[in-house]
>>> print(open('model-v4.cif').read())   # mmCIF, C-alpha atoms
data_model
loop_
_atom_site.label_atom_id
_atom_site.label_comp_id
_atom_site.auth_asym_id
_atom_site.auth_seq_id
_atom_site.Cartn_x
_atom_site.Cartn_y
_atom_site.Cartn_z
CA MET A 9 0.00 0.00 0.00
CA THR A 10 1.17 3.50 -0.78
CA GLY A 11 0.48 7.03 0.27
CA THR A 12 -1.66 7.47 -2.84
CA MET A 13 -4.29 5.04 -1.57
CA ARG A 14 -7.72 6.62 -1.85
CA ILE A 15 -9.97 7.13 1.15
CA SER A 16 -13.39 5.56 0.81
CA GLU A 17 -16.06 8.13 -0.01
CA GLY A 18 -17.84 9.72 2.92
CA ARG A 19 -17.13 11.31 6.29
CA PRO A 20 -18.77 9.57 9.23
CA VAL A 21 -19.77 11.29 12.43
CA VAL A 22 -17.58 9.82 15.18
CA ALA A 23 -18.58 10.03 18.84
CA GLY A 24 -15.95 8.85 21.33
CA PHE A 25 -16.73 7.83 24.91
CA PHE A 26 -13.78 7.76 27.30
CA GLU A 27 -13.91 5.07 30.02
CA PRO A 28 -11.52 6.27 32.76
CA ARG A 29 -11.07 3.02 34.71
CA THR A 30 -9.31 1.34 31.78
CA PHE A 31 -8.44 4.47 29.74
CA SER A 32 -10.48 3.00 26.89
CA ILE A 33 -12.43 4.78 24.17
CA GLN A 34 -15.69 3.35 22.85
CA TYR A 35 -17.01 4.66 19.54
CA VAL A 36 -20.29 5.18 17.76
CA VAL A 37 -19.62 5.78 14.06
CA SER A 38 -22.60 7.00 12.09
CA ASP A 39 -23.52 7.86 8.52
CA PRO A 40 -25.23 11.26 8.51
CA ALA A 41 -27.05 10.46 5.27
CA THR A 42 -28.83 7.31 6.51
CA ARG A 43 -28.62 7.60 10.34
CA ARG A 44 -27.12 4.10 10.42
CA CYS A 45 -24.14 3.39 12.67
CA ALA A 46 -21.60 0.95 14.04
CA ILE A 47 -20.44 0.54 17.63
CA ILE A 48 -16.70 -0.12 18.00
CA ASP A 49 -14.96 -1.58 21.07
CA PRO A 50 -17.75 -1.23 23.68
CA VAL A 51 -16.80 -1.71 27.34
CA LEU A 52 -18.54 -3.91 29.91
CA ASP A 53 -17.71 -2.48 33.34
CA PHE A 54 -15.86 -4.73 35.78
CA GLU A 55 -14.72 -3.96 39.33
CA GLU A 56 -12.20 -6.66 40.15
CA ASN A 57 -12.05 -6.11 43.92
CA ALA A 58 -15.75 -6.91 44.21
CA GLY A 59 -15.96 -9.20 41.19
CA ALA A 60 -18.82 -6.99 40.01
CA THR A 61 -19.98 -6.33 36.45
CA ALA A 62 -22.17 -3.49 35.22
CA THR A 63 -23.34 -1.94 31.96
CA HIS A 64 -22.94 1.78 32.71
CA SER A 65 -20.42 2.41 29.91
CA ALA A 66 -22.36 0.46 27.30
CA ASP A 67 -25.61 2.08 28.38
CA ALA A 68 -24.08 5.50 27.68
CA LEU A 69 -23.69 4.37 24.07
CA LEU A 70 -27.33 3.28 23.98
CA ASP A 71 -28.45 6.64 25.36
CA TYR A 72 -26.49 8.45 22.65
CA ILE A 73 -27.80 6.16 19.90
CA ARG A 74 -31.40 6.63 20.98
CA GLY A 75 -30.95 10.37 21.43
CA GLU A 76 -29.56 10.73 17.91
CA GLY A 77 -32.16 8.43 16.36
CA LEU A 78 -29.55 6.01 14.99
CA ASP A 79 -30.02 2.47 13.72
CA VAL A 80 -27.17 0.11 14.70
CA GLU A 81 -25.92 -2.08 11.85
CA TRP A 82 -22.76 -3.51 13.46
CA ILE A 83 -21.20 -4.12 16.86
CA LEU A 84 -17.46 -4.41 16.18
CA ASP A 85 -14.44 -5.39 18.23
CA THR A 86 -10.97 -4.63 16.89
CA HIS A 87 -9.40 -7.51 18.85
CA PRO A 88 -9.86 -9.57 22.04
CA HIS A 89 -8.96 -6.93 24.62
CA ALA A 90 -6.57 -7.65 27.49
CA ASP A 91 -7.53 -4.79 29.79
CA HIS A 92 -11.32 -4.61 29.77
CA PHE A 93 -14.35 -6.75 29.09
CA SER A 94 -16.13 -6.34 25.76
CA ALA A 95 -19.81 -5.38 25.93
CA ALA A 96 -20.50 -6.79 22.46
CA GLY A 97 -22.57 -9.66 23.82
CA TYR A 98 -24.67 -7.38 26.02
CA LEU A 99 -25.32 -4.91 23.20
CA HIS A 100 -26.21 -7.70 20.81
CA ASP A 101 -28.84 -8.91 23.27
CA VAL A 102 -30.29 -5.40 23.60
CA LEU A 103 -30.13 -4.33 19.96
CA GLY A 104 -30.13 -7.53 17.93
CA ALA A 105 -27.39 -6.11 15.68
CA PRO A 106 -24.69 -8.50 14.41
CA THR A 107 -21.32 -8.69 16.17
CA ALA A 108 -18.04 -9.02 14.30
CA ILE A 109 -14.28 -9.29 14.76
CA GLY A 110 -11.31 -10.31 12.61
CA ALA A 111 -11.17 -13.93 11.45
CA GLU A 112 -7.82 -14.56 13.14
CA VAL A 113 -9.61 -14.50 16.50
CA THR A 114 -9.73 -18.28 16.22
CA ARG A 115 -5.96 -18.35 16.75
CA VAL A 116 -6.35 -16.28 19.91
CA GLN A 117 -9.09 -18.61 21.12
CA THR A 118 -6.87 -21.63 20.58
CA LEU A 119 -3.98 -19.98 22.42
CA TRP A 120 -6.04 -18.99 25.46
CA GLN A 121 -8.07 -22.21 25.49
CA GLU A 122 -4.79 -23.95 26.30
CA ILE A 123 -3.71 -21.32 28.87
CA TYR A 124 -7.05 -21.60 30.70
CA ASN A 125 -7.27 -25.39 30.15
CA LEU A 126 -10.86 -24.94 28.94
CA GLY A 127 -11.05 -28.02 26.75
CA ASP A 128 -14.25 -28.19 24.72
CA THR A 129 -16.00 -25.61 26.91
CA LEU A 130 -14.60 -22.90 24.61
CA ALA A 131 -15.35 -23.28 20.91
CA THR A 132 -12.36 -22.07 18.90
CA ASP A 133 -14.17 -21.50 15.61
CA GLY A 134 -15.24 -17.89 16.20
CA SER A 135 -18.89 -18.89 16.42
CA GLN A 136 -19.40 -16.52 19.37
CA TRP A 137 -19.60 -13.67 16.82
CA SER A 138 -22.15 -13.18 14.05
CA HIS A 139 -19.43 -12.56 11.47
CA LEU A 140 -15.66 -12.95 11.14
CA PHE A 141 -14.01 -10.41 8.84
CA ALA A 142 -11.32 -11.58 6.44
CA ALA A 143 -8.32 -9.34 5.80
CA GLY A 144 -9.29 -6.75 3.20
CA GLU A 145 -13.00 -7.51 3.41
CA ALA A 146 -15.35 -4.68 2.41
CA PHE A 147 -18.60 -3.84 4.18
CA ARG A 148 -20.82 -0.80 4.66
CA VAL A 149 -22.13 1.39 7.44
CA GLY A 150 -25.22 2.96 5.93
CA SER A 151 -23.99 4.46 2.64
CA LEU A 152 -20.37 4.64 3.83
CA ASP A 153 -17.77 2.35 2.30
CA ALA A 154 -15.79 0.41 4.91
CA ARG A 155 -13.03 -2.16 4.83
CA VAL A 156 -10.87 -4.22 7.16
CA LEU A 157 -7.09 -3.98 7.48
CA TYR A 158 -5.48 -6.93 9.25
CA SER A 159 -3.22 -5.31 11.87
CA PRO A 160 -1.42 -7.98 13.93
CA GLY A 161 1.38 -7.34 16.40
CA HIS A 162 -0.47 -6.23 19.51
CA THR A 163 -2.48 -9.46 19.23
CA LEU A 164 -2.75 -12.20 16.63
CA ALA A 165 -6.24 -11.07 15.68
CA SER A 166 -6.09 -7.26 15.64
CA VAL A 167 -7.83 -5.42 12.80
CA THR A 168 -8.30 -1.79 11.79
CA TYR A 169 -11.70 -0.65 10.54
CA VAL A 170 -11.51 2.00 7.81
CA ILE A 171 -14.93 3.66 7.52
CA GLY A 172 -15.09 6.55 5.09
CA ASP A 173 -12.24 8.91 5.99
CA ALA A 174 -11.85 7.46 9.51
CA ALA A 175 -9.67 4.54 10.63
CA PHE A 176 -10.14 2.85 14.00
CA VAL A 177 -6.63 1.72 14.79
CA HIS A 178 -7.23 0.04 18.20
CA ASP A 179 -3.98 -0.71 20.07
CA THR A 180 -1.47 0.11 17.34
CA LEU A 181 -0.91 3.88 17.39
CA PHE A 182 -1.75 6.01 20.40
CA GLN A 183 -1.80 9.81 20.30
CA PRO A 184 1.35 11.31 18.75
CA ASP A 185 2.57 12.46 22.18
CA PHE A 186 2.45 8.93 23.60
CA GLY A 187 3.76 6.53 20.96
CA THR A 188 2.52 3.07 20.10
CA ALA A 189 1.01 0.00 21.74
CA ARG A 190 2.82 -2.85 23.43
CA ALA A 191 3.53 -6.13 21.66
CA ASP A 192 4.44 -8.51 24.50
CA PHE A 193 1.14 -10.29 25.14
CA PRO A 194 0.91 -13.98 24.18
CA GLY A 195 0.87 -13.96 20.38
CA GLY A 196 2.22 -10.40 20.10
CA ASP A 197 5.17 -9.41 17.93
CA ALA A 198 6.90 -6.03 17.66
CA GLY A 199 7.97 -6.57 14.05
CA GLN A 200 4.42 -7.38 13.00
CA LEU A 201 3.18 -4.34 14.88
CA TRP A 202 5.61 -2.10 12.97
CA ASP A 203 4.39 -3.56 9.67
CA SER A 204 0.77 -2.99 10.70
CA ILE A 205 1.51 0.61 11.65
CA GLN A 206 3.16 1.21 8.29
CA ALA A 207 0.05 -0.10 6.50
CA ILE A 208 -2.08 2.32 8.49
CA LEU A 209 0.29 5.19 7.75
CA ALA A 210 0.04 4.36 4.03
CA LEU A 211 -3.51 5.73 4.15
CA PRO A 212 -3.89 9.32 2.88
CA GLU A 213 -2.38 12.00 5.10
CA GLU A 214 -5.77 13.47 6.02
CA THR A 215 -7.23 10.17 7.22
CA ARG A 216 -8.61 10.57 10.74
CA LEU A 217 -7.17 7.99 13.14
CA PHE A 218 -9.08 6.96 16.27
CA THR A 219 -7.18 5.06 18.94
CA GLY A 220 -8.42 2.55 21.49
CA HIS A 221 -6.80 4.07 24.60
CA ASP A 222 -5.42 7.32 25.90
CA TYR A 223 -3.23 7.43 29.00
CA MET A 224 -3.17 11.26 29.32
CA PRO A 225 0.58 11.94 29.52
CA ASP A 226 1.52 14.84 31.81
CA GLY A 227 -2.05 14.93 33.08
CA ARG A 228 -3.60 16.42 29.94
CA GLU A 229 -7.25 15.82 29.06
CA PRO A 230 -8.00 12.59 27.18
CA ARG A 231 -7.71 12.66 23.39
CA TRP A 232 -8.36 10.01 20.79
CA GLU A 233 -8.25 11.59 17.33
CA SER A 234 -5.23 12.37 15.15
CA THR A 235 -4.38 12.10 11.45
CA VAL A 236 -1.95 10.04 9.44
CA GLY A 237 0.04 13.20 8.75
CA GLU A 238 0.26 14.11 12.43
CA GLN A 239 1.40 10.63 13.38
CA LYS A 240 4.09 10.53 10.73
CA ALA A 241 5.40 13.95 11.75
CA HIS A 242 5.20 13.78 15.54
CA ASN A 243 4.93 10.25 16.92
CA PRO A 244 8.36 9.47 18.44
CA HIS A 245 7.96 5.73 17.76
CA VAL A 246 7.36 6.39 14.06
CA ALA A 247 9.09 9.55 12.88
CA GLY A 248 12.60 9.01 11.57
CA ILE A 249 13.23 5.46 12.82
CA THR A 250 13.70 2.15 11.06
CA ARG A 251 11.93 -1.15 11.60
CA ASP A 252 14.93 -2.55 13.47
CA ASP A 253 15.07 0.55 15.67
CA TYR A 254 11.39 0.23 16.43
CA VAL A 255 11.56 -3.46 17.32
CA ALA A 256 14.44 -2.81 19.71
CA LEU A 257 12.66 0.17 21.28
CA ARG A 258 9.34 -1.67 21.62
CA ASN A 259 10.89 -4.78 23.14
CA ARG A 260 12.93 -2.71 25.58
CA ARG A 261 9.93 -0.69 26.71
CA ASP A 262 7.66 -3.73 26.98
CA ALA A 263 10.16 -5.55 29.19
CA GLY A 264 9.62 -2.86 31.83
CA LEU A 265 5.82 -2.84 31.73
CA PRO A 266 3.68 -4.86 34.16
CA MET A 267 0.97 -7.02 32.65
CA PRO A 268 -2.45 -5.32 32.57
CA ARG A 269 -4.27 -5.95 35.84
CA LEU A 270 -7.30 -7.46 34.06
CA ILE A 271 -5.58 -9.57 31.40
CA LEU A 272 -6.40 -12.93 33.01
CA HIS A 273 -9.93 -11.81 33.81
CA SER A 274 -10.73 -10.29 30.45
CA LEU A 275 -9.39 -12.81 27.95
CA GLN A 276 -11.72 -15.58 29.12
CA VAL A 277 -14.64 -13.20 28.52
CA ASN A 278 -13.42 -11.61 25.32
CA THR A 279 -12.55 -14.90 23.61
CA ARG A 280 -16.25 -15.68 24.10
CA GLY A 281 -17.38 -12.57 22.25
CA GLY A 282 -17.93 -10.57 25.43
CA ARG A 283 -19.95 -13.31 27.13
CA LEU A 284 -19.42 -14.10 30.80
CA PRO A 285 -18.93 -17.76 31.78
CA GLU A 286 -22.13 -19.73 32.18
CA PRO A 287 -23.63 -19.87 35.69
CA GLU A 288 -22.75 -22.90 37.80
CA ASP A 289 -25.25 -25.00 39.76
CA ASN A 290 -25.61 -22.30 42.43
CA GLY A 291 -26.55 -19.69 39.83
CA ARG A 292 -23.27 -17.75 40.10
CA ARG A 293 -20.68 -17.16 37.41
CA TYR A 294 -16.96 -17.67 38.08
CA LEU A 295 -13.77 -16.51 36.41
CA LYS A 296 -10.81 -18.87 36.21
CA ILE A 297 -7.34 -17.44 36.93
CA PRO A 298 -4.43 -19.58 35.73
CA LEU A 299 -1.37 -19.30 37.95
CA ASP A 300 2.21 -18.75 36.76
CA CYS A 301 1.31 -18.50 33.09
CA LEU A 302 2.60 -14.95 32.49
CA ASP A 303 5.81 -13.10 33.31
CA ALA A 304 5.14 -11.52 36.71
CA ARG A 305 7.72 -8.72 36.32
CA TRP A 306 8.04 -8.33 40.05
CA ARG A 307 8.50 -4.91 41.51
CA GLY A 308 10.86 -4.44 44.44
#
>>> encode(input="model-v4.cif", output="structure tokens")
Amino acid sequence: MTGTMRISEGRPVVAGFFEPRTFSIQYVVSDPATRRCAIIDPVLDFEENAGATATHSADALLDYIRGEGLDVEWILDTHPHADHFSAAGYLHDVLGAPTAIGAEVTRVQTLWQEIYNLGDTLATDGSQWSHLFAAGEAFRVGSLDARVLYSPGHTLASVTYVIGDAAFVHDTLFQPDFGTARADFPGGDAGQLWDSIQAILALPEETRLFTGHDYMPDGREPRWESTVGEQKAHNPHVAGITRDDYVALRNRRDAGLPMPRLILHSLQVNTRGGRLPEPEDNGRRYLKIPLDCLDARWRG
């Protein structure tokens, strides 16, 4: 792909909803011509100290959608998240709209099925979603052209959704003042992440990029929108460095990062399409935490 790649026709309205507990951004992407929309990366609230779930964040999306008179065509996840629960299953139950994710999610399911020792209690065929997107697959949101870029590196299954002049880049690029995402989760790879970032940056300079998290460096207010041109000019992990430089930088930085506090909670939910485990014979649901499966990275 080159810098001359054309943006799909159309400019969607993008509403971002910042979730401060996990620094996540949920999106509602709508076509102003048809009032049809897609939800991207919705969050199911989880308070780990109490083991409590709630739908406050996802309900804020529903309030917006109803207030704007929108019709939901898609509920999309960019990848199986490691730091929050997906609300795709909940929103599907409320709205009836189809859920979707990249087709390589089956590889993530197989990987984590083994880590959790789930056996045949976790289907690894992606059947938890309504649709699995192939790399390069085209679809529509209302009258807006959309397509899927396969963007591995952060996870095996990560995808970018390009909808009109907007690209939802999940955990690849953060804001230009913060850099790029980590690549040290099971199945991650810094070299693949660099290649995925370069494919995103091959979009036209004016393409609007919407990230999945913002960690508010230096205490600034949360932001989630940039452009290809801004990233190429100002992101310190991108501007003026080579692939080898990036891989070394990313691996060095990742080695000093603790694992996300919810990774072992969230993956067993998110590999099920945002569905909690089935209730046991007492009516309660339980999460399973495998011991000694990840690098603890002890702090002194």
>>> residues_near_point(input="model-v4.cif", point="(-9.4, -13.0, 27.9)", cutoff="10 Å", atoms="only C-alpha atoms", output="CSV table (one decimal) with C-alpha atoms, keeping the file's coordinate frame")
chain,number,residue,atom,x,y,z
A,88,PRO,CA,-9.9,-9.6,22.0
A,89,HIS,CA,-9.0,-6.9,24.6
A,90,ALA,CA,-6.6,-7.6,27.5
A,91,ASP,CA,-7.5,-4.8,29.8
A,92,HIS,CA,-11.3,-4.6,29.8
A,93,PHE,CA,-14.4,-6.8,29.1
A,94,SER,CA,-16.1,-6.3,25.8
A,116,VAL,CA,-6.4,-16.3,19.9
A,117,GLN,CA,-9.1,-18.6,21.1
A,120,TRP,CA,-6.0,-19.0,25.5
A,121,GLN,CA,-8.1,-22.2,25.5
A,124,TYR,CA,-7.0,-21.6,30.7
A,270,LEU,CA,-7.3,-7.5,34.1
A,271,ILE,CA,-5.6,-9.6,31.4
A,272,LEU,CA,-6.4,-12.9,33.0
A,273,HIS,CA,-9.9,-11.8,33.8
A,274,SER,CA,-10.7,-10.3,30.4
A,275,LEU,CA,-9.4,-12.8,28.0
A,276,GLN,CA,-11.7,-15.6,29.1
A,277,VAL,CA,-14.6,-13.2,28.5
A,278,ASN,CA,-13.4,-11.6,25.3
A,279,THR,CA,-12.6,-14.9,23.6
A,280,ARG,CA,-16.2,-15.7,24.1
A,281,GLY,CA,-17.4,-12.6,22.2
A,282,GLY,CA,-17.9,-10.6,25.4
>>> atom_distance(input="model-v4.cif", atom1="atom CA of Phe26 of chain A", atom2="atom CA of Ala62 of chain A")
16.1 Å
>>> atom_distance(input="model-v4.cif", atom1="atom CA of Val51 of chain A", atom2="atom CA of Tyr223 of chain A")
16.4 Å
>>> resolve_selection(input="model-v4.cif", expression="the PyMOL selection byres ((chain A and resi 135) around 12)", output="PyMOL selection string")
chain A and resi 107-109+111+113-114+117+130-134+136-140+279-281
>>> write_last_selection(input="model-v4.cif", atoms="C-alpha atoms", output="CSV table (one decimal), in the coordinates of the input")
chain,number,residue,atom,x,y,z
A,107,THR,CA,-21.3,-8.7,16.2
A,108,ALA,CA,-18.0,-9.0,14.3
A,109,ILE,CA,-14.3,-9.3,14.8
A,111,ALA,CA,-11.2,-13.9,11.4
A,113,VAL,CA,-9.6,-14.5,16.5
A,114,THR,CA,-9.7,-18.3,16.2
A,117,GLN,CA,-9.1,-18.6,21.1
A,130,LEU,CA,-14.6,-22.9,24.6
A,131,ALA,CA,-15.4,-23.3,20.9
A,132,THR,CA,-12.4,-22.1,18.9
A,133,ASP,CA,-14.2,-21.5,15.6
A,134,GLY,CA,-15.2,-17.9,16.2
A,136,GLN,CA,-19.4,-16.5,19.4
A,137,TRP,CA,-19.6,-13.7,16.8
A,138,SER,CA,-22.2,-13.2,14.0
A,139,HIS,CA,-19.4,-12.6,11.5
A,140,LEU,CA,-15.7,-13.0,11.1
A,279,THR,CA,-12.6,-14.9,23.6
A,280,ARG,CA,-16.2,-15.7,24.1
A,281,GLY,CA,-17.4,-12.6,22.2
>>> closest_atom_pairs(input="model-v4.cif", of="segment 219-253 of chain A", to="segment 175-198 of chain A", cutoff="9 Å", atoms="only C-alpha atoms", output="CSV")
residue,atom,partner,partner_atom,distance
A:Thr219,CA,A:His178,CA,5.1
A:Gly220,CA,A:His178,CA,4.3
A:His221,CA,A:Phe182,CA,6.8
A:Asp222,CA,A:Phe182,CA,6.7
A:Tyr223,CA,A:Phe186,CA,8.0
A:Met224,CA,A:Phe186,CA,8.4
A:Pro225,CA,A:Phe186,CA,6.9
A:Arg231,CA,A:Gln183,CA,7.3
A:Trp232,CA,A:Gln183,CA,6.6
A:Glu233,CA,A:Gln183,CA,7.3
A:Ser234,CA,A:Gln183,CA,6.7
A:Glu238,CA,A:Pro184,CA,7.0
A:Gln239,CA,A:Pro184,CA,5.4
A:Lys240,CA,A:Pro184,CA,8.5
A:Ala241,CA,A:Pro184,CA,8.5
A:His242,CA,A:Pro184,CA,5.6
A:Asn243,CA,A:Pro184,CA,4.2
A:Pro244,CA,A:Gly187,CA,6.0
A:His245,CA,A:Gly187,CA,5.3
A:Val246,CA,A:Gly187,CA,7.8
